[in-house]
>>> print(open('protein_22.tsv').read())   # TSV, C-alpha atoms
chain	number	residue	atom	x	y	z
R	1	MET	CA	24.02	4.11	-0.34
R	2	ASN	CA	24.78	0.48	-1.11
R	3	THR	CA	22.47	-1.61	1.09
R	4	GLN	CA	24.04	-4.97	1.97
R	5	ARG	CA	21.96	-8.14	2.39
R	6	LEU	CA	23.21	-10.22	5.30
R	7	GLY	CA	22.35	-13.69	6.56
R	8	THR	CA	22.31	-15.04	10.10
R	9	SER	CA	25.83	-16.44	10.36
R	10	GLU	CA	27.92	-15.36	13.31
R	11	GLN	CA	30.10	-13.30	10.97
R	12	ASP	CA	27.08	-11.49	9.49
R	13	ILE	CA	25.58	-10.80	12.92
R	14	LEU	CA	28.86	-9.37	14.19
R	15	PHE	CA	29.12	-7.22	11.07
R	16	ALA	CA	25.57	-5.95	11.59
R	17	GLY	CA	26.45	-5.07	15.19
R	18	LYS	CA	29.57	-3.24	14.00
R	19	LEU	CA	27.55	-1.20	11.50
R	20	LEU	CA	25.09	-0.23	14.25
R	21	SER	CA	27.88	0.77	16.64
R	22	GLN	CA	29.30	2.97	13.87
R	23	GLY	CA	26.04	4.91	13.64
R	24	GLU	CA	24.50	3.11	10.68
R	25	VAL	CA	20.90	1.89	10.26
R	26	VAL	CA	20.37	-1.87	9.91
R	27	ALA	CA	17.08	-3.74	9.37
R	28	PHE	CA	16.70	-6.80	11.58
R	29	PRO	CA	14.19	-9.63	12.00
R	30	THR	CA	11.81	-10.20	14.89
R	31	GLU	CA	8.95	-12.64	15.35
R	32	THR	CA	6.40	-9.87	14.63
R	33	VAL	CA	7.71	-7.76	11.72
R	34	TYR	CA	11.14	-6.62	10.53
R	35	GLY	CA	12.54	-3.67	12.49
R	36	LEU	CA	14.71	-0.72	11.49
R	37	GLY	CA	17.58	-0.58	13.95
R	38	ALA	CA	19.87	2.21	15.14
R	39	VAL	CA	21.66	2.56	18.48
R	40	ALA	CA	19.07	4.22	20.73
R	41	THR	CA	21.61	6.41	22.53
R	42	ASP	CA	23.03	7.79	19.27
R	43	GLU	CA	20.76	10.67	18.29
R	44	VAL	CA	22.37	11.17	14.88
R	45	ALA	CA	21.76	7.50	14.04
R	46	VAL	CA	18.18	7.66	15.34
R	47	ARG	CA	17.48	10.64	13.09
R	48	LYS	CA	18.60	8.52	10.14
R	49	VAL	CA	15.74	6.11	10.98
R	50	PHE	CA	13.19	8.93	10.78
R	51	THR	CA	14.67	10.02	7.46
R	52	ALA	CA	14.68	6.51	5.96
R	53	LYS	CA	11.06	5.88	6.96
R	54	GLY	CA	9.73	9.38	6.35
R	55	ARG	CA	8.37	9.15	9.90
R	56	PRO	CA	6.76	12.09	11.77
R	57	SER	CA	9.08	13.44	14.47
R	58	ASP	CA	6.45	13.24	17.23
R	59	ASN	CA	5.89	9.51	16.69
R	60	PRO	CA	7.88	7.80	19.50
R	61	LEU	CA	10.15	4.84	18.84
R	62	ILE	CA	10.21	1.48	20.59
R	63	VAL	CA	13.58	0.60	22.14
R	64	THR	CA	14.51	-3.03	21.51
R	65	VAL	CA	16.74	-4.79	24.05
R	66	ALA	CA	18.70	-8.04	24.25
R	67	ASP	CA	17.81	-8.79	27.87
R	68	LYS	CA	15.85	-7.40	30.83
R	69	ALA	CA	18.98	-5.89	32.41
R	70	MET	CA	19.21	-3.34	29.57
R	71	VAL	CA	15.92	-1.80	30.67
R	72	GLN	CA	17.11	-1.04	34.22
R	73	GLN	CA	19.72	1.47	33.02
R	74	PHE	CA	17.17	3.59	31.21
R	75	ALA	CA	13.79	3.28	32.93
R	76	VAL	CA	12.11	3.02	36.32
R	77	GLU	CA	10.53	-0.41	36.65
R	78	ASN	CA	7.56	-1.27	38.85
R	79	ASP	CA	5.67	-4.31	40.05
R	80	MET	CA	3.45	-4.41	36.97
R	81	SER	CA	6.34	-4.29	34.51
R	82	GLN	CA	8.24	-7.00	36.38
R	83	LYS	CA	5.22	-9.33	36.27
R	84	LEU	CA	4.74	-8.70	32.56
R	85	MET	CA	8.41	-9.23	31.72
R	86	ALA	CA	8.45	-12.50	33.66
R	87	ALA	CA	5.36	-13.75	31.84
R	88	PHE	CA	5.80	-12.51	28.28
R	89	TRP	CA	9.46	-11.68	27.63
R	90	PRO	CA	10.98	-12.54	25.29
R	91	GLY	CA	7.89	-12.05	23.18
R	92	SER	CA	5.59	-9.67	21.33
R	93	LEU	CA	4.82	-7.32	24.21
R	94	THR	CA	6.07	-3.73	24.38
R	95	ILE	CA	6.05	-2.11	27.82
R	96	ILE	CA	5.96	1.66	28.42
R	97	LEU	CA	7.76	2.89	31.54
R	98	PRO	CA	8.88	6.22	33.04
R	99	MET	CA	12.29	7.14	31.64
R	100	ARG	CA	15.27	7.87	33.83
R	101	ALA	CA	16.47	11.47	33.52
R	102	GLN	CA	18.00	12.11	30.08
R	103	ALA	CA	18.37	8.38	29.37
R	104	PHE	CA	17.35	8.92	25.75
R	105	SER	CA	16.99	11.98	23.58
R	106	MET	CA	13.58	13.48	22.94
R	107	THR	CA	14.01	12.23	19.37
R	108	VAL	CA	13.49	8.68	20.65
R	109	THR	CA	10.58	9.47	22.98
R	110	GLY	CA	8.78	12.03	20.83
R	111	GLY	CA	9.33	14.55	23.60
R	112	LEU	CA	7.69	12.41	26.28
R	113	ASN	CA	9.19	11.34	29.62
R	114	THR	CA	8.20	7.73	29.01
R	115	VAL	CA	9.85	5.11	26.83
R	116	ALA	CA	8.65	1.84	25.29
R	117	PHE	CA	10.76	-1.34	25.53
R	118	ARG	CA	10.56	-4.74	23.85
R	119	LEU	CA	12.60	-7.93	24.17
R	120	PRO	CA	11.88	-9.89	20.96
R	121	ASP	CA	11.42	-13.64	20.80
R	122	ASN	CA	13.91	-13.94	17.95
R	123	GLU	CA	17.44	-15.04	18.74
R	124	VAL	CA	18.90	-13.31	15.68
R	125	ALA	CA	17.43	-9.97	16.80
R	126	ARG	CA	18.84	-10.38	20.30
R	127	ALA	CA	22.23	-11.45	18.89
R	128	VAL	CA	22.39	-8.33	16.71
R	129	ILE	CA	21.67	-6.12	19.74
R	130	ARG	CA	24.32	-7.90	21.78
R	131	ALA	CA	26.78	-7.40	18.93
R	132	ALA	CA	25.96	-3.67	18.90
R	133	LYS	CA	26.54	-3.59	22.69
R	134	ALA	CA	23.59	-1.21	23.11
R	135	PRO	CA	19.79	-1.12	22.90
R	136	ILE	CA	18.47	-0.18	19.47
R	137	VAL	CA	15.34	1.56	18.28
R	138	GLY	CA	13.15	-0.82	16.32
R	139	PRO	CA	10.23	0.67	14.37
R	140	SER	CA	8.93	-1.41	11.49
R	141	ALA	CA	11.31	-1.35	8.52
R	142	ASN	CA	8.91	0.12	5.99
R	143	THR	CA	8.05	3.48	4.51
R	144	SER	CA	5.96	5.26	7.15
R	145	GLY	CA	2.25	4.60	6.74
R	146	LYS	CA	2.64	1.57	4.43
R	147	PRO	CA	2.06	-2.12	5.26
R	148	SER	CA	4.66	-3.47	7.65
R	149	PRO	CA	7.39	-5.80	6.31
R	150	THR	CA	7.20	-9.50	7.16
R	151	THR	CA	10.07	-10.59	4.88
R	152	ALA	CA	13.50	-9.20	4.08
R	153	GLN	CA	12.31	-8.67	0.50
R	154	HIS	CA	9.60	-6.32	1.79
R	155	VAL	CA	12.33	-4.34	3.56
R	156	TRP	CA	14.43	-4.28	0.40
R	157	HIS	CA	11.47	-2.93	-1.55
R	158	ASP	CA	11.14	0.07	0.79
R	159	MET	CA	14.65	0.60	2.13
R	160	ALA	CA	17.20	-0.38	-0.54
R	161	GLY	CA	19.64	2.50	-0.93
R	162	LYS	CA	18.45	4.18	2.28
R	163	ILE	CA	20.07	2.00	4.97
R	164	ALA	CA	23.36	0.16	5.44
R	165	ALA	CA	22.16	-3.45	5.65
R	166	ILE	CA	19.30	-5.91	6.02
R	167	VAL	CA	19.65	-9.08	8.13
R	168	ASP	CA	17.53	-11.79	6.49
R	169	ASP	CA	16.05	-14.44	8.82
R	170	GLY	CA	13.19	-15.50	6.56
R	171	PRO	CA	9.48	-14.69	7.03
R	172	THR	CA	8.25	-13.54	10.42
R	173	THR	CA	5.93	-15.84	12.36
R	174	VAL	CA	3.42	-13.48	14.04
R	175	GLY	CA	2.95	-10.98	11.22
R	176	VAL	CA	1.66	-7.94	13.16
R	177	GLU	CA	3.45	-5.63	15.55
R	178	SER	CA	3.64	-6.25	19.28
R	179	THR	CA	0.97	-5.43	21.83
R	180	VAL	CA	1.83	-2.12	23.55
R	181	ILE	CA	0.88	-1.68	27.21
R	182	ASP	CA	1.48	1.47	29.23
R	183	VAL	CA	2.33	0.80	32.89
R	184	SER	CA	3.86	4.21	33.58
R	185	GLY	CA	0.76	5.18	35.58
R	186	ASN	CA	-1.59	3.48	38.01
R	187	VAL	CA	-3.92	1.93	35.41
R	188	PRO	CA	-2.33	-0.50	32.93
R	189	THR	CA	-3.53	0.51	29.47
R	190	ILE	CA	-3.30	-1.20	26.08
R	191	LEU	CA	-2.31	1.35	23.43
R	192	ARG	CA	-1.91	-1.09	20.53
R	193	PRO	CA	-3.37	-4.59	20.20
R	194	GLY	CA	-1.14	-7.51	19.26
R	195	ALA	CA	-0.61	-11.22	19.82
R	196	ILE	CA	-0.60	-10.78	23.62
R	197	THR	CA	-4.29	-10.31	24.42
R	198	GLN	CA	-6.10	-8.24	27.02
R	199	GLU	CA	-7.25	-11.45	28.70
R	200	GLN	CA	-3.67	-12.68	29.07
R	201	LEU	CA	-2.55	-9.35	30.53
R	202	VAL	CA	-5.41	-9.32	33.05
R	203	ALA	CA	-4.55	-12.86	34.14
R	204	VAL	CA	-0.92	-11.95	34.84
R	205	LEU	CA	-1.52	-8.57	36.48
R	206	ALA	CA	-4.56	-9.76	38.47
R	207	GLN	CA	-6.27	-6.41	37.91
R	208	PRO	CA	-8.34	-4.69	35.22
R	209	VAL	CA	-6.45	-3.62	32.08
R	210	HIS	CA	-7.91	-0.70	30.15
R	211	ASP	CA	-8.04	-1.04	26.35
R	212	ALA	CA	-7.64	2.41	24.80
R	213	THR	CA	-7.45	1.13	21.23
R	214	THR	CA	-11.19	1.02	20.59
R	215	THR	CA	-12.38	4.10	22.48
R	216	GLU	CA	-9.71	6.79	22.32
R	217	SER	CA	-8.02	8.81	19.58
R	218	VAL	CA	-5.05	11.17	19.62
R	219	ALA	CA	-5.61	14.85	18.80
R	220	SER	CA	-3.52	16.46	16.06
R	221	ASP	CA	-1.60	18.59	18.57
R	222	VAL	CA	-0.85	15.72	21.00
R	223	THR	CA	2.15	13.39	20.91
R	224	PRO	CA	1.05	9.72	20.94
R	225	LYS	CA	2.58	7.45	23.59
R	226	ALA	CA	2.91	4.54	21.20
R	227	PRO	CA	3.38	4.02	17.44
R	228	GLY	CA	0.25	3.53	15.36
R	229	MET	CA	-2.05	5.64	17.53
R	230	LYS	CA	-2.17	8.90	15.58
R	231	TYR	CA	-1.00	8.64	12.00
R	232	ARG	CA	-2.23	6.66	9.00
R	233	HIS	CA	-0.63	3.21	9.14
R	234	TYR	CA	-0.41	-0.08	7.28
R	235	ALA	CA	-2.10	1.30	4.15
R	236	PRO	CA	-1.15	0.37	0.57
R	237	ASP	CA	-1.73	2.83	-2.27
R	238	LYS	CA	-4.48	0.57	-3.62
R	239	HIS	CA	-8.07	0.93	-2.39
R	240	VAL	CA	-8.74	-1.50	0.52
R	241	VAL	CA	-12.24	-2.48	1.71
R	242	MET	CA	-13.11	-4.76	4.64
R	243	PHE	CA	-15.90	-7.30	4.43
R	244	ASP	CA	-17.70	-9.59	6.86
R	245	GLU	CA	-17.75	-13.28	6.05
R	246	LEU	CA	-21.57	-13.21	6.09
R	247	ASP	CA	-21.43	-10.87	3.08
R	248	ALA	CA	-18.89	-12.93	1.13
R	249	VAL	CA	-21.29	-14.47	-1.40
R	250	ASP	CA	-22.92	-11.11	-2.11
R	251	LEU	CA	-19.48	-9.56	-2.57
R	252	ALA	CA	-18.51	-12.28	-5.05
R	253	GLN	CA	-21.41	-11.28	-7.30
R	254	LYS	CA	-20.26	-7.65	-7.39
R	255	LEU	CA	-16.55	-8.15	-8.01
R	256	GLN	CA	-15.02	-6.45	-11.04
R	257	ASP	CA	-12.36	-8.21	-13.13
R	258	ASN	CA	-9.57	-6.17	-11.57
R	259	ASP	CA	-10.74	-6.66	-7.97
R	260	VAL	CA	-9.05	-9.15	-5.64
R	261	VAL	CA	-10.04	-10.87	-2.41
R	262	MET	CA	-7.99	-11.80	0.66
R	263	ALA	CA	-9.83	-14.32	2.81
R	264	GLN	CA	-9.63	-17.64	4.60
R	265	ASP	CA	-9.80	-20.77	2.46
R	266	ARG	CA	-13.38	-21.70	3.35
R	267	ILE	CA	-14.57	-18.19	2.43
R	268	LEU	CA	-12.71	-18.22	-0.89
R	269	GLN	CA	-14.25	-21.61	-1.66
R	270	ALA	CA	-17.74	-20.31	-0.90
R	271	MET	CA	-17.16	-17.26	-3.11
R	272	ALA	CA	-15.98	-19.43	-6.03
R	273	ILE	CA	-13.85	-16.67	-7.49
R	274	LYS	CA	-10.97	-17.01	-9.96
R	275	SER	CA	-7.75	-18.21	-8.38
R	276	GLN	CA	-5.83	-15.23	-9.77
R	277	GLN	CA	-8.16	-12.94	-7.85
R	278	ALA	CA	-7.64	-14.68	-4.50
R	279	TRP	CA	-5.05	-14.46	-1.73
R	280	SER	CA	-5.38	-17.22	0.87
R	281	LEU	CA	-5.32	-16.20	4.53
R	282	GLY	CA	-5.11	-19.87	5.46
R	283	ASP	CA	-7.55	-21.61	7.74
R	284	SER	CA	-6.79	-20.05	11.12
R	285	LEU	CA	-6.66	-16.65	12.76
R	286	GLU	CA	-2.91	-17.08	13.22
R	287	SER	CA	-2.32	-17.74	9.53
R	288	ALA	CA	-4.56	-14.82	8.55
R	289	THR	CA	-2.60	-12.45	10.78
R	290	GLU	CA	0.69	-13.77	9.42
R	291	GLN	CA	-0.45	-13.27	5.80
R	292	LEU	CA	-2.25	-9.91	6.07
R	293	PHE	CA	0.63	-7.54	5.31
R	294	SER	CA	2.17	-9.88	2.72
R	295	GLY	CA	-1.05	-9.95	0.72
R	296	LEU	CA	-1.54	-6.19	0.90
R	297	ARG	CA	2.04	-5.61	-0.26
R	298	PHE	CA	1.75	-8.14	-3.10
R	299	TYR	CA	-1.41	-6.62	-4.55
R	300	ASP	CA	-0.16	-3.07	-4.03
R	301	ASP	CA	2.62	-3.85	-6.52
R	302	GLN	CA	0.21	-5.21	-9.18
R	303	PRO	CA	-0.67	-2.34	-11.54
R	304	LYS	CA	-3.88	-3.95	-12.82
R	305	VAL	CA	-5.41	-4.52	-9.37
R	306	GLY	CA	-8.34	-2.24	-8.54
R	307	THR	CA	-9.83	-2.80	-5.08
R	308	ILE	CA	-8.47	-5.20	-2.46
R	309	TYR	CA	-11.32	-6.75	-0.45
R	310	VAL	CA	-10.12	-8.24	2.84
R	311	GLN	CA	-12.05	-10.44	5.26
R	312	LYS	CA	-12.55	-9.20	8.83
R	313	MET	CA	-12.16	-11.61	11.74
R	314	ILE	CA	-14.11	-12.19	14.92
R	315	PRO	CA	-12.85	-9.42	17.26
R	316	VAL	CA	-11.64	-11.69	20.04
R	317	GLY	CA	-8.03	-12.21	21.16
R	318	LEU	CA	-5.64	-11.98	18.21
R	319	GLY	CA	-8.64	-11.03	16.07
R	320	LYS	CA	-8.58	-7.58	17.71
R	321	ALA	CA	-5.01	-6.99	16.50
R	322	TYR	CA	-5.82	-8.27	12.99
R	323	ASN	CA	-8.94	-6.08	12.69
R	324	ASN	CA	-7.05	-3.07	14.09
R	325	ARG	CA	-4.41	-3.26	11.33
R	326	LEU	CA	-6.97	-4.01	8.64
R	327	ALA	CA	-9.21	-1.09	9.66
R	328	LYS	CA	-6.27	1.30	9.45
R	329	ALA	CA	-5.25	-0.10	6.04
R	330	ALA	CA	-8.82	0.34	4.79
R	331	GLY	CA	-9.44	3.71	6.39
R	332	ASN	CA	-12.35	1.96	8.17
R	333	GLN	CA	-14.19	1.46	4.86
R	334	GLU	CA	-16.46	-1.62	4.77
R	335	PHE	CA	-18.36	-3.42	2.05
R	336	ASN	CA	-22.10	-2.80	2.21
R	337	ILE	CA	-24.64	-4.91	0.39
>>> encode(input="protein_22.tsv", output="structure tokens")
Amino acid sequence: MNTQRLGTSEQDILFAGKLLSQGEVVAFPTETVYGLGAVATDEVAVRKVFTAKGRPSDNPLIVTVADKAMVQQFAVENDMSQKLMAAFWPGSLTIILPMRAQAFSMTVTGGLNTVAFRLPDNEVARAVIRAAKAPIVGPSANTSGKPSPTTAQHVWHDMAGKIAAIVDDGPTTVGVESTVIDVSGNVPTILRPGAITQEQLVAVLAQPVHDATTTESVASDVTPKAPGMKYRHYAPDKHVVMFDELDAVDLAQKLQDNDVVMAQDRILQAMAIKSQQAWSLGDSLESATEQLFSGLRFYDDQPKVGTIYVQKMIPVGLGKAYNNRLAKAAGNQEFNI
């Protein structure tokens, strides 16, 4: 298949929408990561997404919409979802709701009677969906299990020849996937951490919000309610090890010539390592989160790189989302003095 690279002109967006409506798969930008789009009500097209990614069939897909009205046709809303949509949409929050009868195929939901929705804070993404005249599935546009794509070039690396087109809107701004909250039951529950924090959700809902991401796992014979809960995710082929900033100087003394370090600028300065061995995560939590997947992808493509050492962050707010992705990429392996 000849994968076309599209820009963000009106003509390109309309063409992307036409491809989607014809049952093709098109990668599109969001503020979090690039998504892999197919019309959510077209089961044949949705199956193409699973094939392109190599994604397990029991891993449910997020349905991406252009406006709140699209959700009403397919799901049963409630007071919690309405409060969350008013506060955080458009934005990096995915909301799980009970699905209306036969609204989507079991291919989309992983066999569950719930469905996850997101309204992205990216006008190009919303324009593409409007052009398709239908909601689209939107998993990350990468090979399943590998670091998520934050640029169109990352998508090209994984998907060239597998999908019809890629809409290029430049680098994403958040850098990690959306927060996923399940409000299909009585207790609102975070199933994946992201830029929208537990504290923000509690403030809007005015009730406790359970965080299942640090205490619960999904058994091998159970279908997860949200992406990223069950299978290996975000991991490059290279060996990845997490380290605490308090151990940075000790780590610097043990680095081999083919090892590399991803850390904030002040940590890299304290480690005094060679510039060719260092990937800057900037000077803030936001910049670190934005750069995490880019750095992992860059070093994964360098044949001479041995181990990638990556700085952990304080596990508060966005730091929870950053550490969640890093821990999965590293298989929970940490540097020990």
>>> closest_residue(input="protein_22.tsv", among="R:Met159, R:Ile337, R:Ala330, R:Val316", to="R:Asn142", atoms="only C-alpha atoms")
R:Met159
>>> residues_around(input="protein_22.tsv", residues="stretch 123-131 of chain R", least_positions_apart="2", cutoff="12 Å", atoms="all atoms listed in the file", output="PyMOL selection string")
chain R and resi 6-22+26-40+63-68+70+89-91+118-121+133-138+166-170+172
>>> atom_distance(input="protein_22.tsv", atom1="atom CA of R:Val46", atom2="atom CA of R:Asn59")
12.5 Å
>>> closest_residue(input="protein_22.tsv", among="R:Leu246, R:Ala160, R:Val115, R:Ala203", to="R:Ile314", atoms="only C-alpha atoms")
R:Leu246
>>> closest_residue(input="protein_22.tsv", among="R:Lys83, R:Lys162, R:Arg100, R:Lys225", to="R:Ile190", atoms="all atoms listed in the file")
R:Lys225
>>> closest_residue(input="protein_22.tsv", among="R:Pro171, R:Pro60, R:Gly54, R:Gly319", to="R:Pro193", atoms="all atoms listed in the file")
R:Gly319
>>> atom_distance(input="protein_22.tsv", atom1="atom CA of R:Ile181", atom2="atom CA of R:Lys53")
23.9 Å
